[in-house]
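**Student:** Sharing a structure, written as structure tokens. Questions coming.
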Amino acid sequence: MAKKKLRIGLVGYGFMGRAHSNAFLQAPRYFDFDYEPELVAVCGRDKGNAEAHAARWGYSSVETDWQALIDRDDIDMIDIAAPNDMHKDIAIAAAEAGKMIMCEKPLGRNADESREMVAAVEKAGVPNMVWYNYRRIPAVTLAKQIIDEGKLGRIFHYRAKFLQDWTIAEDLPQGGAGLWRLDVGVAGSGVTGDLLAHCIDTAMWLNGPIENVSGLTETFIKERMHNLTGNVEKVGIDDASLFLARFQNGSLASFEATRYARGHKALYTLEINGEHASIMWDLHDLHRLDYFDHGDEGRVRGWRSIHVTDGDQPYMDKWWVPGLAIGYEHSFVHQFADFLTGLEANEPALPTFRDALATDIVTDAVLKSAETGQWEPATA
Ligand code: SOE
């Protein structure tokens, strides 16, 4: 039977444009779908860069105006990999044009933007998903299976951190290509929306909704040269963000994200302690899940380091032979595979825009709490 085409229009050719393009190409090579992705157009402000991206990844055309991309009737799905300040307008216009949408995280620059985006996709009834890719690392998906099977029992603690060190230099400018994450107008916030958002998405997927939070943020470098204006300007983002939380299931949590942890490049770790068992995961060793089961015989009880590479472990039957690891880019491949599987089953693929809004509600609450010094509710 002839496959149905899924004609893709990508907005953005940066780091995430590459990660997504790779996923579009790789997923159908390793997974079986009724859909056949077709890379129809890439859109970016700089025509030369868009053409270079199109040539490298196999897009058949380029656009420099995202509205023109959306207006095309040879595109079914708009993939948003542009900076955060463009997510809302592109998503709403795409929804109004009846396109499916995949959007890079965070959904909006704040929960108000995300609410508008959720309303637009739900009104239009278009399939939608946000690229919170870490859910799709096989070891993290295995953690989800273990928790859902009740193996941890009652959960007491959730602990997560995401540590980087790339903005410590005082002379690093803010703004413009590659550095828009330091510009609050474009990014919305600093590490809260960029890094804690990942931790919160995974946490709520694994451990349910967060009830309230108490946050603490700091901007260590107060002024930076702005690449677009050439002026030294106030820095509006949070460089570090920590918060305590209480989940609706009664468990207590601590979260930390910073770009000032010298020596750490992308140390995303999570740990969950339950009544019967605990799990730990570390992005720097992403194919391993550490698991402690108190039910094991006492003499041999201890932390197991599960090498999540076997065919009966999540996603791994699609890759190599047992024992051979996969990496970061595969989390995007899996996410796109899940999107296509969702289309075929006529079921939403997670996280939807609505799920990602829940994350933005928590990040807003963290930022608010850091300002008020009070605990803040983190539910809609
Ligand atoms: C920031 O450095 C960043 O690239 C985030 O924007 C990504 O979402 C994260 O996965 C890795 O770090």
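In the structure tokens, chains take letters A, B, ... by order of appearance, with residues numbered from 1 within each chain and ligands from 1 in the order shown.
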Counting only C-alpha atoms and all ligand atoms, what are the residues, protein, DNA or RNA alike, that approach ligand 1 to within 8 Å? I want them as an MDAnalysis selection string.

**Tutor:** chainID A and resid 15 105 132:134 164 166 181 194:195 198 266

**Student:** Counting only C-alpha atoms, what are the residues of segment 89-156 of chain A within 12 Å of segment 351-371 of chain A, and for each of them which pair of atoms is the nearest and at what distance in Å, to one decimal? Sort the table by chain and rising number, as a Markdown table.

**Tutor:**
| residue | atom | partner | partner_atom | distance |
| --- | --- | --- | --- | --- |
| A:Ala91 | CA | A:Phe353 | CA | 10.2 |
| A:Ile92 | CA | A:Phe353 | CA | 11.7 |
| A:Ala95 | CA | A:Phe353 | CA | 11.8 |
| A:Met100 | CA | A:Thr352 | CA | 11.6 |
| A:Ile101 | CA | A:Phe353 | CA | 9.4 |
| A:Met102 | CA | A:Phe353 | CA | 9.0 |
| A:Cys103 | CA | A:Phe353 | CA | 8.4 |
| A:Glu104 | CA | A:Ala356 | CA | 10.3 |
| A:Lys105 | CA | A:Ala356 | CA | 8.0 |
| A:Pro106 | CA | A:Ala356 | CA | 7.3 |
| A:Leu107 | CA | A:Ala356 | CA | 6.1 |
| A:Gly108 | CA | A:Asp360 | CA | 7.5 |
| A:Arg109 | CA | A:Asp360 | CA | 8.1 |
| A:Asn110 | CA | A:Asp360 | CA | 6.0 |
| A:Ala111 | CA | A:Asp360 | CA | 5.0 |
| A:Asp112 | CA | A:Ile361 | CA | 8.7 |
| A:Glu113 | CA | A:Leu357 | CA | 9.0 |
| A:Ser114 | CA | A:Leu357 | CA | 5.6 |
| A:Arg115 | CA | A:Leu357 | CA | 6.7 |
| A:Glu116 | CA | A:Leu357 | CA | 9.8 |
| A:Met117 | CA | A:Phe353 | CA | 7.4 |
| A:Val118 | CA | A:Phe353 | CA | 5.6 |
| A:Ala119 | CA | A:Arg354 | CA | 8.9 |
| A:Ala120 | CA | A:Phe353 | CA | 10.0 |
| A:Val121 | CA | A:Phe353 | CA | 8.0 |
| A:Glu122 | CA | A:Arg354 | CA | 8.9 |
| A:Gly125 | CA | A:Phe353 | CA | 11.9 |
| A:Val126 | CA | A:Thr352 | CA | 10.8 |
| A:Pro127 | CA | A:Thr352 | CA | 8.3 |
| A:Asn128 | CA | A:Thr352 | CA | 5.7 |
| A:Met129 | CA | A:Thr352 | CA | 4.3 |
| A:Val130 | CA | A:Pro351 | CA | 5.8 |
| A:Trp131 | CA | A:Pro351 | CA | 7.7 |
| A:Tyr132 | CA | A:Pro351 | CA | 7.2 |
| A:Asn133 | CA | A:Pro351 | CA | 9.6 |
| A:Tyr134 | CA | A:Pro351 | CA | 11.3 |
| A:Arg135 | CA | A:Pro351 | CA | 9.2 |
| A:Arg136 | CA | A:Pro351 | CA | 10.9 |

**Student:** Skipping near chain neighbours, those fewer than 2 positions away, what residues fall within 8 Å of Met77 of chain A using only C-alpha atoms, listed as a list in words?

**Tutor:**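 Contacts, in chain order: Leu6, Arg7, Ile8, Gly9, Ile75, Asp79, Lys99, Met100, Ile101 and Met102 of chain A.
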
**Student:** Would you return as a PyMOL selection string the members of segment 165-335 of chain A that DSSP assigns to strand (DSSP E) on this structure's backbone?

**Tutor:** chain A and resi 210-218+223-225+232-234+240-247+252-258+267-274+277-282+288-293+303-307

**Student:** Any chance you can output those residues with C-alpha atoms as a PDB file, in the first residue's frame?

**Tutor:**
ATOM      1  CA  ILE A 210       3.611  19.618  41.162  1.00  0.00           C
ATOM      2  CA  GLU A 211       1.460  21.394  43.732  1.00  0.00           C
ATOM      3  CA  ASN A 212       3.603  24.330  44.889  1.00  0.00           C
ATOM      4  CA  VAL A 213       7.127  25.674  44.735  1.00  0.00           C
ATOM      5  CA  SER A 214       9.605  27.873  46.557  1.00  0.00           C
ATOM      6  CA  GLY A 215      12.202  29.318  44.192  1.00  0.00           C
ATOM      7  CA  LEU A 216      15.517  31.139  44.322  1.00  0.00           C
ATOM      8  CA  THR A 217      17.188  32.719  41.303  1.00  0.00           C
ATOM      9  CA  GLU A 218      20.312  34.789  40.660  1.00  0.00           C
ATOM     10  CA  GLU A 223      25.238  43.642  32.329  1.00  0.00           C
ATOM     11  CA  ARG A 224      26.442  42.321  28.993  1.00  0.00           C
ATOM     12  CA  MET A 225      27.029  43.796  25.579  1.00  0.00           C
ATOM     13  CA  VAL A 232      26.044  47.217  27.165  1.00  0.00           C
ATOM     14  CA  GLU A 233      22.596  46.320  28.509  1.00  0.00           C
ATOM     15  CA  LYS A 234      21.064  44.946  31.677  1.00  0.00           C
ATOM     16  CA  ALA A 240      20.852  30.035  38.201  1.00  0.00           C
ATOM     17  CA  SER A 241      17.501  28.805  39.468  1.00  0.00           C
ATOM     18  CA  LEU A 242      16.743  26.453  42.321  1.00  0.00           C
ATOM     19  CA  PHE A 243      13.452  25.415  43.806  1.00  0.00           C
ATOM     20  CA  LEU A 244      11.836  23.173  46.365  1.00  0.00           C
ATOM     21  CA  ALA A 245       8.539  21.558  45.450  1.00  0.00           C
ATOM     22  CA  ARG A 246       5.764  19.431  46.795  1.00  0.00           C
ATOM     23  CA  PHE A 247       4.137  17.014  44.351  1.00  0.00           C
ATOM     24  CA  LEU A 252       9.123  16.343  48.245  1.00  0.00           C
ATOM     25  CA  ALA A 253      11.506  17.593  45.608  1.00  0.00           C
ATOM     26  CA  SER A 254      14.510  19.746  44.940  1.00  0.00           C
ATOM     27  CA  PHE A 255      15.507  21.096  41.523  1.00  0.00           C
ATOM     28  CA  GLU A 256      18.576  23.071  40.460  1.00  0.00           C
ATOM     29  CA  ALA A 257      19.716  24.522  37.150  1.00  0.00           C
ATOM     30  CA  THR A 258      22.660  26.780  36.441  1.00  0.00           C
ATOM     31  CA  LEU A 267      24.849  17.335  33.648  1.00  0.00           C
ATOM     32  CA  TYR A 268      21.161  16.493  33.829  1.00  0.00           C
ATOM     33  CA  THR A 269      20.591  14.026  36.624  1.00  0.00           C
ATOM     34  CA  LEU A 270      17.485  12.773  38.356  1.00  0.00           C
ATOM     35  CA  GLU A 271      16.884  10.541  41.353  1.00  0.00           C
ATOM     36  CA  ILE A 272      13.672   9.175  42.780  1.00  0.00           C
ATOM     37  CA  ASN A 273      13.437   7.479  46.157  1.00  0.00           C
ATOM     38  CA  GLY A 274      10.453   5.263  46.866  1.00  0.00           C
ATOM     39  CA  ALA A 277      13.164   1.024  45.402  1.00  0.00           C
ATOM     40  CA  SER A 278      15.095   4.001  44.035  1.00  0.00           C
ATOM     41  CA  ILE A 279      16.298   5.012  40.603  1.00  0.00           C
ATOM     42  CA  MET A 280      19.007   7.378  39.373  1.00  0.00           C
ATOM     43  CA  TRP A 281      19.780   8.603  35.857  1.00  0.00           C
ATOM     44  CA  ASP A 282      22.550  10.807  34.476  1.00  0.00           C
ATOM     45  CA  ARG A 288      22.400   3.480  32.069  1.00  0.00           C
ATOM     46  CA  LEU A 289      19.640   3.411  34.677  1.00  0.00           C
ATOM     47  CA  ASP A 290      20.781   2.848  38.255  1.00  0.00           C
ATOM     48  CA  TYR A 291      18.239   0.887  40.251  1.00  0.00           C
ATOM     49  CA  PHE A 292      18.162  -0.188  43.892  1.00  0.00           C
ATOM     50  CA  ASP A 293      15.533  -2.731  44.910  1.00  0.00           C
ATOM     51  CA  TRP A 303      22.652  -0.509  43.263  1.00  0.00           C
ATOM     52  CA  ARG A 304      22.389  -2.160  39.848  1.00  0.00           C
ATOM     53  CA  SER A 305      23.611  -0.290  36.824  1.00  0.00           C
ATOM     54  CA  ILE A 306      21.252  -1.391  34.055  1.00  0.00           C
ATOM     55  CA  HIS A 307      22.774  -1.002  30.598  1.00  0.00           C
TER      56      HIS A 307
END

**Student:** Could you pull the residues within 8 Å of His334 of chain A, counting only C-alpha atoms, minus those fewer than 6 positions along the same chain, as an MDAnalysis selection string?

**Tutor:** chainID A and resid 23 27 136 315

**Student:** For the residues in the current selection, export N, CA and C atoms as a short mmCIF file (atom, residue, chain, number, x, y, z; two decimals), in the first residue's frame.

**Tutor:**
data_model
loop_
_atom_site.label_atom_id
_atom_site.label_comp_id
_atom_site.auth_asym_id
_atom_site.auth_seq_id
_atom_site.Cartn_x
_atom_site.Cartn_y
_atom_site.Cartn_z
N ALA A 23 16.13 13.69 12.91
CA ALA A 23 15.05 12.79 13.34
C ALA A 23 14.10 12.47 12.19
N ALA A 27 14.10 8.45 11.52
CA ALA A 27 12.97 7.66 12.07
C ALA A 27 12.44 6.63 11.06
N ARG A 136 12.41 10.50 25.90
CA ARG A 136 12.59 9.42 24.92
C ARG A 136 13.95 8.74 24.99
N TYR A 315 12.46 1.17 23.00
CA TYR A 315 12.99 1.59 21.69
C TYR A 315 14.15 0.76 21.16
#

**Student:** Using the chain letters and numbers from this document, which residues of segment 177-276 of chain A does DSSP assign to helix (DSSP H, G or I), as a PyMOL selection string?

**Tutor:** chain A and resi 180-182+184-187+191-207

**Student:** Pick out the closest residue to Asp165 of chain A from this set: A:Gly263, A:Gly230, A:Gly208, A:Gly17. Count only C-alpha atoms.

**Tutor:**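 Nearest candidate to Asp165 of chain A out of A:Gly263, A:Gly230, A:Gly208, A:Gly17: A:Gly263.
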
**Student:** Report, in Å with one decimal, the straight-line distance from atom CA of Ala82 of chain A to atom CA of Asn227 of chain A.

**Tutor:** 18.0 Å

**Student:** Find, counting only C-alpha atoms, the residue in A:Ile137, A:Val11, A:Ala169, A:Val40 that gets nearest to Leu286 of chain A.

**Tutor:**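 Nearest candidate to Leu286 of chain A out of A:Ile137, A:Val11, A:Ala169, A:Val40: A:Ile137.
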
**Student:** Could you work out how far atom CA of Lys144 of chain A lies from atom CA of Val321 of chain A, giving the answer in Å with one decimal?

**Tutor:**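 We find that atom CA of Val321 of chain A and atom CA of Lys144 of chain A lie 23.1 Å from each other.
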
**Student:** Quick one: residues within 12 Å of segment 170-175 of chain A, only C-alpha atoms counted, chain neighbours fewer than 5 positions away excluded, as a ChimeraX atom specification?

**Tutor:** /A:83,180-187,190,219-237,260

**Student:** Would you put the residues from that selection into a file with C-alpha atoms, as a short mmCIF file (atom, residue, chain, number, x, y, z; two decimals), in the first residue's frame?

**Tutor:**
data_model
loop_
_atom_site.label_atom_id
_atom_site.label_comp_id
_atom_site.auth_asym_id
_atom_site.auth_seq_id
_atom_site.Cartn_x
_atom_site.Cartn_y
_atom_site.Cartn_z
CA PRO A 83 13.99 31.09 19.07
CA TRP A 180 19.59 34.59 22.16
CA ARG A 181 19.23 32.33 25.23
CA LEU A 182 20.86 35.16 27.21
CA ASP A 183 18.39 37.77 25.96
CA VAL A 184 15.30 37.79 28.17
CA GLY A 185 13.13 39.40 25.49
CA VAL A 186 13.76 36.48 23.18
CA ALA A 187 14.14 33.60 25.63
CA GLY A 190 17.17 32.04 31.65
CA THR A 219 21.77 36.76 37.78
CA PHE A 220 25.50 36.69 38.44
CA ILE A 221 26.55 38.90 35.52
CA LYS A 222 24.29 41.95 35.62
CA GLU A 223 25.24 43.64 32.33
CA ARG A 224 26.44 42.32 28.99
CA MET A 225 27.03 43.80 25.58
CA HIS A 226 24.04 43.18 23.34
CA ASN A 227 25.08 41.83 19.95
CA LEU A 228 22.15 43.40 18.12
CA THR A 229 22.36 46.94 19.57
CA GLY A 230 26.11 47.10 20.29
CA ASN A 231 25.28 48.58 23.73
CA VAL A 232 26.04 47.22 27.17
CA GLU A 233 22.60 46.32 28.51
CA LYS A 234 21.06 44.95 31.68
CA VAL A 235 20.83 41.16 31.72
CA GLY A 236 17.26 40.06 32.35
CA ILE A 237 17.65 36.30 32.50
CA TYR A 260 27.70 28.61 36.36
#

**Student:** Go through A:Asn207, A:Thr372, A:Ser61, A:Asn22 and flag the residue nearest Lys47 of chain A, using only C-alpha atoms for the distances.

**Tutor:**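 Of the candidates, the smallest distance to Lys47 of chain A is held by A:Ser61.
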